[in-house]
Each structure stands twice: as C-alpha cells, then as structure tokens.
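Below: final-v3.pdb (PDB, C-alpha atoms)
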```pdb
MODEL        1
ATOM      1  CA  MET L   1    -110.580 125.418-106.470
ATOM      2  CA  ASP L   2    -109.369 125.159-102.877
ATOM      3  CA  GLN L   3    -106.851 127.667-101.476
ATOM      4  CA  PRO L   4    -103.958 125.176-100.917
ATOM      5  CA  LYS L   5    -104.208 124.119-104.576
ATOM      6  CA  ILE L   6    -104.131 127.751-105.731
ATOM      7  CA  GLU L   7    -101.077 128.398-103.572
ATOM      8  CA  ARG L   8     -99.294 125.361-105.059
ATOM      9  CA  MET L   9    -100.072 126.537-108.585
ATOM     10  CA  LEU L  10     -98.827 130.050-107.837
ATOM     11  CA  ARG L  11     -95.579 128.666-106.381
ATOM     12  CA  LEU L  12     -95.180 126.552-109.516
ATOM     13  CA  MET L  13     -95.829 129.565-111.746
ATOM     14  CA  LYS L  14     -93.204 131.536-109.836
ATOM     15  CA  MET L  15     -90.589 128.822-110.405
ATOM     16  CA  LEU L  16     -91.493 128.487-114.083
ATOM     17  CA  THR L  17     -90.911 132.225-114.608
ATOM     18  CA  ALA L  18     -87.784 132.597-112.459
ATOM     19  CA  ASN L  19     -84.430 133.619-113.937
ATOM     20  CA  THR L  20     -83.181 130.122-113.137
ATOM     21  CA  SER L  21     -84.460 127.203-115.227
ATOM     22  CA  TYR L  22     -85.577 123.985-113.553
ATOM     23  CA  THR L  23     -86.296 120.437-114.598
ATOM     24  CA  VAL L  24     -89.530 118.762-113.530
ATOM     25  CA  ASP L  25     -87.518 116.740-111.009
ATOM     26  CA  ASP L  26     -86.030 119.966-109.578
ATOM     27  CA  ILE L  27     -89.507 121.456-109.213
ATOM     28  CA  ALA L  28     -90.915 118.290-107.677
ATOM     29  CA  GLU L  29     -88.200 118.279-105.026
ATOM     30  CA  ARG L  30     -88.414 121.993-104.219
ATOM     31  CA  LEU L  31     -92.214 122.172-104.070
ATOM     32  CA  ASP L  32     -92.703 118.698-102.606
ATOM     33  CA  MET L  33     -95.059 117.730-105.450
ATOM     34  CA  SER L  34     -95.305 114.650-107.594
ATOM     35  CA  ARG L  35     -94.272 114.788-111.252
ATOM     36  CA  ARG L  36     -97.835 113.858-112.178
ATOM     37  CA  THR L  37     -99.240 116.856-110.275
ATOM     38  CA  ILE L  38     -96.722 119.220-111.878
ATOM     39  CA  TYR L  39     -97.584 118.049-115.392
ATOM     40  CA  ARG L  40    -101.302 118.390-114.596
ATOM     41  CA  TYR L  41    -100.824 121.985-113.425
ATOM     42  CA  ILE L  42     -98.693 122.777-116.494
ATOM     43  CA  ASP L  43    -101.479 121.434-118.718
ATOM     44  CA  THR L  44    -103.869 123.746-116.854
ATOM     45  CA  PHE L  45    -101.603 126.729-117.577
ATOM     46  CA  ARG L  46    -101.434 125.736-121.256
ATOM     47  CA  GLU L  47    -105.229 125.349-121.512
ATOM     48  CA  ALA L  48    -105.602 128.800-119.928
ATOM     49  CA  GLY L  49    -103.555 130.325-122.771
ATOM     50  CA  PHE L  50    -100.045 130.434-121.321
ATOM     51  CA  VAL L  51     -97.124 129.456-123.568
ATOM     52  CA  ILE L  52     -94.933 126.664-122.169
ATOM     53  CA  LYS L  53     -91.356 126.348-123.419
ATOM     54  CA  LYS L  54     -89.155 123.252-123.172
ATOM     55  CA  SER L  55     -85.396 123.058-123.727
ATOM     56  CA  ASP L  56     -83.797 119.657-123.163
ATOM     57  CA  ASN L  57     -85.144 118.646-119.746
ATOM     58  CA  TYR L  58     -85.827 122.226-118.618
ATOM     59  CA  ILE L  59     -89.247 123.803-118.671
ATOM     60  CA  ARG L  60     -90.390 127.438-118.447
ATOM     61  CA  LEU L  61     -93.498 129.558-118.692
ATOM     62  CA  ASP L  62     -92.922 132.159-121.424
ATOM     63  CA  LYS L  63     -93.180 135.666-119.995
ATOM     64  CA  GLU L  64     -94.283 136.861-123.437
ATOM     65  CA  SER L  65     -97.548 134.960-123.028
ATOM     66  CA  PRO L  66    -100.443 137.441-123.451
ATOM     67  CA  HIS L  67    -102.037 136.395-120.176
ATOM     68  CA  PHE L  68     -98.732 136.803-118.339
ATOM     69  CA  LYS L  69     -98.495 140.391-119.583
ATOM     70  CA  ASP L  70    -102.065 141.037-118.466
ATOM     71  CA  ILE L  71    -101.256 139.767-114.977
ATOM     72  CA  SER L  72     -98.054 141.846-114.814
ATOM     73  CA  GLN L  73    -100.093 145.000-115.427
ATOM     74  CA  LEU L  74    -101.990 144.375-112.205
ATOM     75  CA  VAL L  75     -98.798 144.901-110.189
ATOM     76  CA  HIS L  76     -97.179 147.601-112.371
ATOM     77  CA  PHE L  77     -96.549 151.135-111.081
ATOM     78  CA  THR L  78     -96.054 154.252-113.163
ATOM     79  CA  GLU L  79     -92.869 156.262-112.655
ATOM     80  CA  GLU L  80     -94.818 158.932-110.770
ATOM     81  CA  GLU L  81     -96.362 156.307-108.495
ATOM     82  CA  ALA L  82     -92.898 154.851-107.894
ATOM     83  CA  VAL L  83     -91.547 158.237-106.783
ATOM     84  CA  ILE L  84     -94.454 158.719-104.367
ATOM     85  CA  LEU L  85     -94.045 155.205-102.956
ATOM     86  CA  LYS L  86     -90.287 155.645-102.703
ATOM     87  CA  ARG L  87     -90.674 158.910-100.757
ATOM     88  CA  ALA L  88     -93.190 157.335 -98.395
ATOM     89  CA  ILE L  89     -90.992 154.304 -97.737
ATOM     90  CA  GLU L  90     -87.825 156.382 -97.298
ATOM     91  CA  SER L  91     -89.594 158.445 -94.614
ATOM     92  CA  ILE L  92     -89.637 155.327 -92.419
ATOM     93  CA  ASP L  93     -86.677 155.079 -90.054
ATOM     94  CA  ASP L  94     -83.841 152.921 -91.436
ATOM     95  CA  THR L  95     -83.857 150.717 -88.328
ATOM     96  CA  ASN L  96     -87.451 149.646 -88.954
ATOM     97  CA  LEU L  97     -87.701 146.149 -90.460
ATOM     98  CA  LEU L  98     -90.948 147.228 -92.147
ATOM     99  CA  LYS L  99     -88.955 149.477 -94.477
ATOM    100  CA  GLN L 100     -86.862 146.577 -95.780
ATOM    101  CA  ASN L 101     -89.950 144.367 -96.202
ATOM    102  CA  LEU L 102     -91.770 147.021 -98.219
ATOM    103  CA  LYS L 103     -88.761 147.556-100.467
ATOM    104  CA  ARG L 104     -88.335 143.832-101.014
ATOM    105  CA  LYS L 105     -91.985 143.436-102.027
ATOM    106  CA  LEU L 106     -91.746 146.333-104.460
ATOM    107  CA  TYR L 107     -88.594 144.905-106.011
ATOM    108  CA  SER L 108     -90.307 141.569-106.587
ATOM    109  CA  VAL L 109     -93.155 143.038-108.697
ATOM    110  CA  TYR L 110     -91.910 146.329-110.145
ATOM    111  CA  ASP L 111     -90.202 147.069-113.441
ATOM    112  CA  ASN L 112     -86.461 146.813-112.765
ATOM    113  CA  LYS L 113     -85.269 149.752-114.841
ATOM    114  CA  ILE L 114     -87.636 152.329-113.371
ATOM    115  CA  LEU L 115     -87.329 150.919-109.865
ATOM    116  CA  ALA L 116     -83.531 151.019-110.054
ATOM    117  CA  ASP L 117     -83.686 154.732-110.823
ATOM    118  CA  THR L 118     -85.623 155.340-107.599
ATOM    119  CA  ILE L 119     -83.027 153.697-105.353
ATOM    120  CA  VAL L 120     -79.650 153.647-107.145
ATOM    121  CA  ARG L 121     -77.539 156.758-107.153
ATOM    122  CA  GLY L 122     -74.260 157.943-108.650
ATOM    123  CA  SER L 123     -71.849 155.828-110.665
ATOM    124  CA  ASN L 124     -73.752 152.575-110.033
ATOM    125  CA  THR L 125     -76.746 153.663-112.136
ATOM    126  CA  ALA L 126     -75.153 152.813-115.507
ATOM    127  CA  THR L 127     -73.860 149.522-114.108
ATOM    128  CA  VAL L 128     -77.309 148.495-112.884
ATOM    129  CA  HIS L 129     -78.977 149.392-116.184
ATOM    130  CA  SER L 130     -76.438 147.385-118.182
ATOM    131  CA  LEU L 131     -76.859 144.364-115.918
ATOM    132  CA  ILE L 132     -80.657 144.581-116.109
ATOM    133  CA  GLU L 133     -80.431 144.652-119.898
ATOM    134  CA  ALA L 134     -78.083 141.653-119.901
ATOM    135  CA  ILE L 135     -80.405 139.684-117.605
ATOM    136  CA  GLU L 136     -83.447 140.457-119.761
ATOM    137  CA  GLN L 137     -81.574 139.442-122.924
ATOM    138  CA  GLN L 138     -79.895 136.471-121.179
ATOM    139  CA  ARG L 139     -76.444 137.641-122.296
ATOM    140  CA  GLN L 140     -72.998 137.153-120.826
ATOM    141  CA  VAL L 141     -71.119 140.278-119.727
ATOM    142  CA  LEU L 142     -67.647 141.440-118.826
ATOM    143  CA  LEU L 143     -67.388 143.090-115.433
ATOM    144  CA  LYS L 144     -64.640 145.506-116.400
ATOM    145  CA  GLU L 145     -61.886 146.279-113.879
ATOM    146  CA  TYR L 146     -63.576 144.387-111.052
ATOM    147  CA  ARG L 147     -61.800 144.989-107.732
ATOM    148  CA  SER L 148     -61.542 141.783-105.734
ATOM    149  CA  ALA L 149     -62.406 141.844-102.038
ATOM    150  CA  HIS L 150     -59.657 139.297-101.277
ATOM    151  CA  GLY L 151     -56.726 141.238-102.627
ATOM    152  CA  SER L 152     -55.571 144.151-104.704
ATOM    153  CA  ALA L 153     -56.225 142.438-108.046
ATOM    154  CA  VAL L 154     -58.210 144.464-110.580
ATOM    155  CA  ARG L 155     -59.245 142.547-113.692
ATOM    156  CA  ASP L 156     -62.141 141.755-116.013
ATOM    157  CA  ARG L 157     -64.544 138.940-115.092
ATOM    158  CA  LYS L 158     -66.699 137.118-117.660
ATOM    159  CA  VAL L 159     -70.012 136.205-116.030
ATOM    160  CA  GLU L 160     -73.691 135.483-116.569
ATOM    161  CA  PRO L 161     -75.714 137.873-114.356
ATOM    162  CA  PHE L 162     -79.147 136.578-113.350
ATOM    163  CA  ALA L 163     -80.431 138.292-110.169
ATOM    164  CA  PHE L 164     -79.878 141.226-107.806
ATOM    165  CA  THR L 165     -79.843 141.332-104.034
ATOM    166  CA  THR L 166     -81.971 143.814-102.084
ATOM    167  CA  ASN L 167     -81.267 147.474-102.951
ATOM    168  CA  TYR L 168     -79.151 146.439-105.968
ATOM    169  CA  VAL L 169     -76.071 146.243-103.745
ATOM    170  CA  GLN L 170     -74.827 142.985-105.284
ATOM    171  CA  VAL L 171     -75.575 140.894-108.335
ATOM    172  CA  TRP L 172     -75.722 137.106-108.579
ATOM    173  CA  CYS L 173     -73.638 135.820-111.482
ATOM    174  CA  TYR L 174     -72.397 132.544-112.851
ATOM    175  CA  ASP L 175     -68.616 133.017-113.017
ATOM    176  CA  THR L 176     -67.336 131.267-116.162
ATOM    177  CA  GLU L 177     -63.780 131.136-114.793
ATOM    178  CA  SER L 178     -64.529 129.308-111.552
ATOM    179  CA  ASP L 179     -67.626 127.491-112.880
ATOM    180  CA  MET L 180     -69.758 128.543-109.917
ATOM    181  CA  CYS L 181     -72.321 131.146-108.897
ATOM    182  CA  LYS L 182     -70.994 134.127-106.957
ATOM    183  CA  LEU L 183     -72.065 137.510-105.619
ATOM    184  CA  PHE L 184     -70.347 140.550-107.116
ATOM    185  CA  LYS L 185     -70.569 143.962-105.438
ATOM    186  CA  LEU L 186     -71.737 146.666-107.816
ATOM    187  CA  ALA L 187     -69.496 149.233-106.127
ATOM    188  CA  ARG L 188     -66.433 147.201-107.184
ATOM    189  CA  ILE L 189     -67.390 147.069-110.876
ATOM    190  CA  GLY L 190     -65.646 149.593-113.114
ATOM    191  CA  SER L 191     -68.135 149.190-115.981
ATOM    192  CA  VAL L 192     -70.186 146.500-117.725
ATOM    193  CA  GLU L 193     -69.753 145.327-121.310
ATOM    194  CA  ILE L 194     -72.648 143.256-122.669
ATOM    195  CA  LEU L 195     -71.341 140.461-124.882
ATOM    196  CA  SER L 196     -72.943 138.807-127.905
ATOM    197  CA  GLU L 197     -72.774 135.359-126.286
ATOM    198  CA  GLU L 198     -75.999 134.070-124.767
ATOM    199  CA  TRP L 199     -76.118 132.318-121.393
ATOM    200  CA  GLN L 200     -74.408 128.920-121.601
ATOM    201  CA  HIS L 201     -74.941 127.733-118.023
ATOM    202  CA  GLN L 202     -78.514 128.719-117.223
ATOM    203  CA  HIS L 203     -79.298 125.382-115.577
ATOM    204  CA  GLN L 204     -76.543 126.125-113.036
ATOM    205  CA  HIS L 205     -77.859 129.551-112.031
ATOM    206  CA  SER L 206     -78.715 129.406-108.345
ATOM    207  CA  LYS L 207     -78.664 131.805-105.411
ATOM    208  CA  SER L 208     -77.040 130.652-102.196
ATOM    209  CA  PHE L 209     -78.192 131.445 -98.686
ATOM    210  CA  ILE L 210     -77.379 135.021 -97.555
ATOM    211  CA  ASP L 211     -77.262 135.645 -93.813
ATOM    212  CA  VAL L 212     -78.202 138.872 -92.005
ATOM    213  CA  PHE L 213     -74.546 139.948 -92.136
ATOM    214  CA  ARG L 214     -74.723 139.828 -95.975
ATOM    215  CA  VAL L 215     -72.398 136.833 -96.261
ATOM    216  CA  SER L 216     -73.458 134.151 -98.751
ATOM    217  CA  GLY L 217     -72.734 130.433 -98.888
ATOM    218  CA  ASP L 218     -74.240 126.968 -98.995
ATOM    219  CA  GLU L 219     -73.600 126.196 -95.321
ATOM    220  CA  ARG L 220     -75.702 127.287 -92.338
ATOM    221  CA  HIS L 221     -74.317 127.624 -88.818
ATOM    222  CA  ARG L 222     -76.516 128.525 -85.879
ATOM    223  CA  VAL L 223     -75.275 131.456 -83.799
ATOM    224  CA  ARG L 224     -76.705 132.784 -80.545
ATOM    225  CA  LEU L 225     -75.517 136.049 -79.013
ATOM    226  CA  ARG L 226     -76.553 138.075 -75.982
ATOM    227  CA  LEU L 227     -76.366 141.774 -76.880
ATOM    228  CA  GLY L 228     -76.368 144.867 -74.723
ATOM    229  CA  MET L 229     -78.171 148.046 -75.710
ATOM    230  CA  MET L 230     -75.261 149.508 -77.700
ATOM    231  CA  ALA L 231     -74.555 146.268 -79.593
ATOM    232  CA  ARG L 232     -78.238 145.792 -80.375
ATOM    233  CA  ASN L 233     -78.611 149.334 -81.736
ATOM    234  CA  LEU L 234     -75.459 149.101 -83.856
ATOM    235  CA  LEU L 235     -76.501 145.693 -85.184
ATOM    236  CA  ILE L 236     -79.854 146.982 -86.434
ATOM    237  CA  GLU L 237     -78.307 150.153 -87.810
ATOM    238  CA  GLU L 238     -75.687 148.287 -89.834
ATOM    239  CA  TYR L 239     -77.682 145.113 -90.598
ATOM    240  CA  PRO L 240     -81.427 145.991 -90.588
ATOM    241  CA  LEU L 241     -82.573 142.466 -91.456
ATOM    242  CA  ALA L 242     -81.147 141.233 -88.144
ATOM    243  CA  GLU L 243     -84.059 142.866 -86.333
ATOM    244  CA  GLY L 244     -86.262 139.943 -87.275
ATOM    245  CA  GLU L 245     -83.837 137.542 -85.556
ATOM    246  CA  LEU L 246     -83.771 139.435 -82.234
ATOM    247  CA  SER L 247     -85.800 138.800 -79.095
ATOM    248  CA  GLN L 248     -85.667 140.909 -75.936
ATOM    249  CA  ALA L 249     -84.378 139.083 -72.849
ATOM    250  CA  ASP L 250     -84.891 141.924 -70.373
ATOM    251  CA  ASP L 251     -84.836 145.722 -70.281
ATOM    252  CA  ASN L 252     -81.197 145.981 -71.339
ATOM    253  CA  THR L 253     -80.323 142.795 -73.253
ATOM    254  CA  TRP L 254     -81.414 141.058 -76.455
ATOM    255  CA  ILE L 255     -80.811 137.600 -77.879
ATOM    256  CA  LEU L 256     -79.766 137.208 -81.506
ATOM    257  CA  ASP L 257     -80.642 133.685 -82.677
ATOM    258  CA  THR L 258     -79.813 133.262 -86.350
ATOM    259  CA  HIS L 259     -78.000 131.161 -88.934
ATOM    260  CA  VAL L 260     -74.914 132.383 -90.768
ATOM    261  CA  ALA L 261     -73.288 131.221 -93.981
ATOM    262  CA  SER L 262     -69.850 131.594 -92.389
ATOM    263  CA  TYR L 263     -68.398 133.123 -89.245
ATOM    264  CA  ALA L 264     -66.677 135.954 -91.156
ATOM    265  CA  GLY L 265     -69.467 138.542 -90.990
ATOM    266  CA  VAL L 266     -70.688 137.872 -87.473
ATOM    267  CA  GLY L 267     -67.082 137.447 -86.283
ATOM    268  CA  ARG L 268     -66.052 140.926 -87.431
ATOM    269  CA  PHE L 269     -69.131 142.383 -85.765
ATOM    270  CA  VAL L 270     -68.492 140.626 -82.441
ATOM    271  CA  VAL L 271     -64.780 141.547 -82.348
ATOM    272  CA  GLY L 272     -65.640 145.238 -82.503
ATOM    273  CA  LEU L 273     -68.094 144.982 -79.594
ATOM    274  CA  MET L 274     -66.719 142.235 -77.366
ATOM    275  CA  ASP L 275     -67.445 144.242 -74.201
ATOM    276  CA  ASP L 276     -71.153 144.323 -75.051
ATOM    277  CA  ILE L 277     -71.675 140.855 -76.570
ATOM    278  CA  GLU L 278     -71.755 137.385 -75.006
ATOM    279  CA  ILE L 279     -71.509 134.296 -77.220
ATOM    280  CA  ILE L 280     -74.050 131.635 -76.209
ATOM    281  CA  ASP L 281     -73.602 127.948 -77.085
ATOM    282  CA  SER L 282     -71.538 128.699 -80.194
ATOM    283  CA  PRO L 283     -68.075 127.168 -79.585
ATOM    284  CA  GLU L 284     -67.177 127.276 -83.298
ATOM    285  CA  LEU L 285     -67.731 131.031 -83.332
ATOM    286  CA  GLU L 286     -65.575 131.398 -80.212
ATOM    287  CA  GLN L 287     -62.791 129.462 -81.939
ATOM    288  CA  TYR L 288     -63.112 131.607 -85.063
ATOM    289  CA  ILE L 289     -62.865 134.835 -83.068
ATOM    290  CA  ALA L 290     -59.879 133.566 -81.067
ATOM    291  CA  SER L 291     -58.097 132.736 -84.329
ATOM    292  CA  TYR L 292     -59.126 136.075 -85.838
ATOM    293  CA  VAL L 293     -57.710 138.019 -82.879
ATOM    294  CA  ARG L 294     -54.438 136.050 -82.936
ATOM    295  CA  LYS L 295     -54.035 136.788 -86.646
ATOM    296  CA  HIS L 296     -55.043 140.441 -86.765
ATOM    297  CA  TYR L 297     -54.279 141.620 -83.227
ATOM    298  CA  PRO L 298     -51.285 139.526 -82.077
ATOM    299  CA  SER L 299     -50.278 141.955 -79.319
ATOM    300  CA  ILE L 300     -53.741 141.765 -77.767
ATOM    301  CA  ALA L 301     -53.706 137.973 -77.906
ATOM    302  CA  THR L 302     -50.253 137.884 -76.288
ATOM    303  CA  ASP L 303     -51.304 140.214 -73.456
ATOM    304  CA  ALA L 304     -54.426 138.156 -72.866
ATOM    305  CA  ALA L 305     -52.377 134.956 -72.638
ATOM    306  CA  LYS L 306     -49.962 136.517 -70.120
ATOM    307  CA  SER L 307     -52.818 137.671 -67.893
ATOM    308  CA  MET L 308     -54.238 134.150 -67.636
TER     309      MET L 308
ENDMDL
END
```
Any chance you could put this one into structure tokens?
Amino acid sequence: MDQPKIERMLRLMKMLTANTSYTVDDIAERLDMSRRTIYRYIDTFREAGFVIKKSDNYIRLDKESPHFKDISQLVHFTEEEAVILKRAIESIDDTNLLKQNLKRKLYSVYDNKILADTIVRGSNTATVHSLIEAIEQQRQVLLKEYRSAHGSAVRDRKVEPFAFTTNYVQVWCYDTESDMCKLFKLARIGSVEILSEEWQHQHQHSKSFIDVFRVSGDERHRVRLRLGMMARNLLIEEYPLAEGELSQADDNTWILDTHVASYAGVGRFVVGLMDDIEIIDSPELEQYIASYVRKHYPSIATDAAKSM
C-alpha cells in the first residue's frame, strides 16, 4: 500500500473516531475524497475487524473495537511515565514553541483523566474530571454558576461538552440555549452536574477557528504587525503559539503575520503597546483600535484630536 493511501486512511480513521459525528458527504468534503473511496476504505476497516456504527446518515468507527483498543495501547503512557514526561516538558522555557507542541501531541494520544491530573491544579481538577466523564458518556451537563465574560451575570448553563482546548483552559460545548457551539472557560465554572440526558445535537458539534490570541470564531482576518523587542517578548510570553507566526525583520524588529477570528484579542494587545507596535496593511484593525480608544479612553482620544 502506498504512503499517500495510508495517510488518507489514517485521516479517515481519525474523523470516524472524533467526538463529532460526520456524514459521508461531510467526510468527502473535508478530506477531498469521493464517496466511493470512503466506502471502500470503510469496508477495509470492517474486513480488518473494526466495528462500524451507523446512526441515520452519520457514521462512526466504534472505539470499543478490539483492534482499536490494541492500537490505543501503543500510544498509552503509565501514570509514572506521564509524571516523568511532564517534568521533562515543564523544564523547557515557557516561551519555547516546542513546549506547546509537545504538550499538544501528548494530549492527542494520552488518557484524559490521568493527563489532566498532570497539568490541572486547584479547583479546576474536579471540573475537568466531571467534563471528561460527561464527554466519554456523551451526556449533557449543567455548568453551575457560570460567570459570563460579557457581564456580571452568574447562572447555570445546560450544554453538551465535547472537546477541550490546549491545557484544559476551555471546553467546547454545544449550548442548548443559543443552539450553537461555544467555548466556556473552566475558571468561570462553579461546578459541573452531569445530567441523565444523552447528547441530542451531536451532529452539530464543531470547533471553530481559534487564533493565537485565544479568540474563537468562524471568520478569519489577516493581521500584520511590526513589533519591537519589548512587544515581541511580551507577545510570546502571554501568547506562546504566536511564536510560530513571527519572522525577524532585523536585529530589533519582528513581523507578526497571522489570522485572527476577531480584532478583540489582538486589539487589546496592541493598545497596551502602541509605542512598540506598527500596524501594517490592516486598516480594519486600525479602525477597531480607534473605536476602542474612543470608547474606553475618551480623554486620550480627545487630546489626540486636539493635537492634530
């Protein structure tokens, strides 16, 4: 079997075992395959001993298949191994992109409950464990006393959790009230109550794009910034994944060329370091920042207008 074919089959297997369910048409579009090819690969999985499940138009590869369990053992770590790996990774400087890459790879293959214990601390531990259990059982939950980021409201939210972001900072959920998928910060959750209801909206579970400033959304806006030494160092310290989007222009300046889901995250960062950042070919970002300053710092905007 040629390598490209193996890669296509592995990508298909990954989609068939993801937390989100897909139709054959969804898979064909995402993997750029024909329906005929997908069905042929699925038949190959079935002949190899894997259990294929169908529900309406959605199709999955059952993780309880004996062969799937055998494969999972190849990438499983014991708790002692996890502690050793965690210590080794944590010894790497936080500004090093390698550290984030290593963590992300571990998260993708390691048992969630044990892995969570190696990286989650304090009051969030019980929250993470409850959410992991709900995801494994495909149950709805109540996020008790969730504190909204857009106001002072504190109330319960009924959701279907289905995936975590890096470091278990946020959890992707289908919000039954708004009928859409959202990110919820674990630090804002009072507690988690697992409900008896199973997932009702699994076919709508989907993760949106998350930019380097940790803002999620379906849109993508290109942003280019010229950063001085101080801005570059602070950017990497606060948003480590941005390091992969930076290129050095000269000894003292760097170019950040990235896409953002909205201008909120990058805008707040730029406003705090305007003396050390130049916006390049991003007029929409300039307009956002001008509006932001007028709204939050009216005296500064007035003084600037008088000096013109």
Hits from the PyMOL selection byres ((chain L and resi 257-268) around 12), listed as a PyMOL selection string | chain L and resi 208-227+235+238-239+241-249+254-256+269-274+277+279-293+296
Top pick for closest residue to Met15 in chain L, considering L:Thr44, L:His205, L:Arg60, L:Phe184 and counting only C-alpha atoms =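 For Met15 in chain L, the nearest of the candidates is L:Arg60.
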d(CA of Trp199 in chain L, CA of Ala163 in chain L) in Å = 13.4 Å
Show which residues sit within 12 Å of Met33 in chain L, as a list in words. Count all atoms listed in the file, and ignore same-chain residues fewer than 4 positions away.
->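 Contacts, in chain order: Lys5, Arg8, Met9, Arg11, Leu12, Val24, Asp25, Asp26, Ile27, Ala28, Glu29, Thr37, Ile38, Tyr39, Arg40 and Tyr41 of chain L.
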Mind giving me the straight-line distance from CA of Ile89 in chain L to CA of Val128 in chain L in Å, one decimal?
->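 Between CA of Ile89 in chain L and CA of Val128 in chain L the gap works out to 21.2 Å.
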Starting from the displayed file, determine the output of the PyMOL selection byres ((chain L and resi 53) around 12) and express the residue list as a count of residues only.
-> 23
Interatomic distance (Å, one decimal) between CA of Glu198 in chain L and CA of Asn124 in chain L =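 So the two atoms, CA of Glu198 in chain L and CA of Asn124 in chain L, lie 23.8 Å apart.
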Would you kindly return, as an MDAnalysis selection string, each protein, DNA or RNA residue with an atom no farther than 12 Å from any atom of Asp179 in chain L, considering all atoms listed in the file and excluding same-chain residues fewer than 2 positions away?
-> chainID L and resid 158:160 173:177 181:182 200:202 204:205
Could you tell me which of L:Leu10, L:Leu31, L:Ile132, L:Val141 comes closest to Leu195 in chain L if we count only C-alpha atoms?
->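 The closest residue to Leu195 in chain L is L:Val141.
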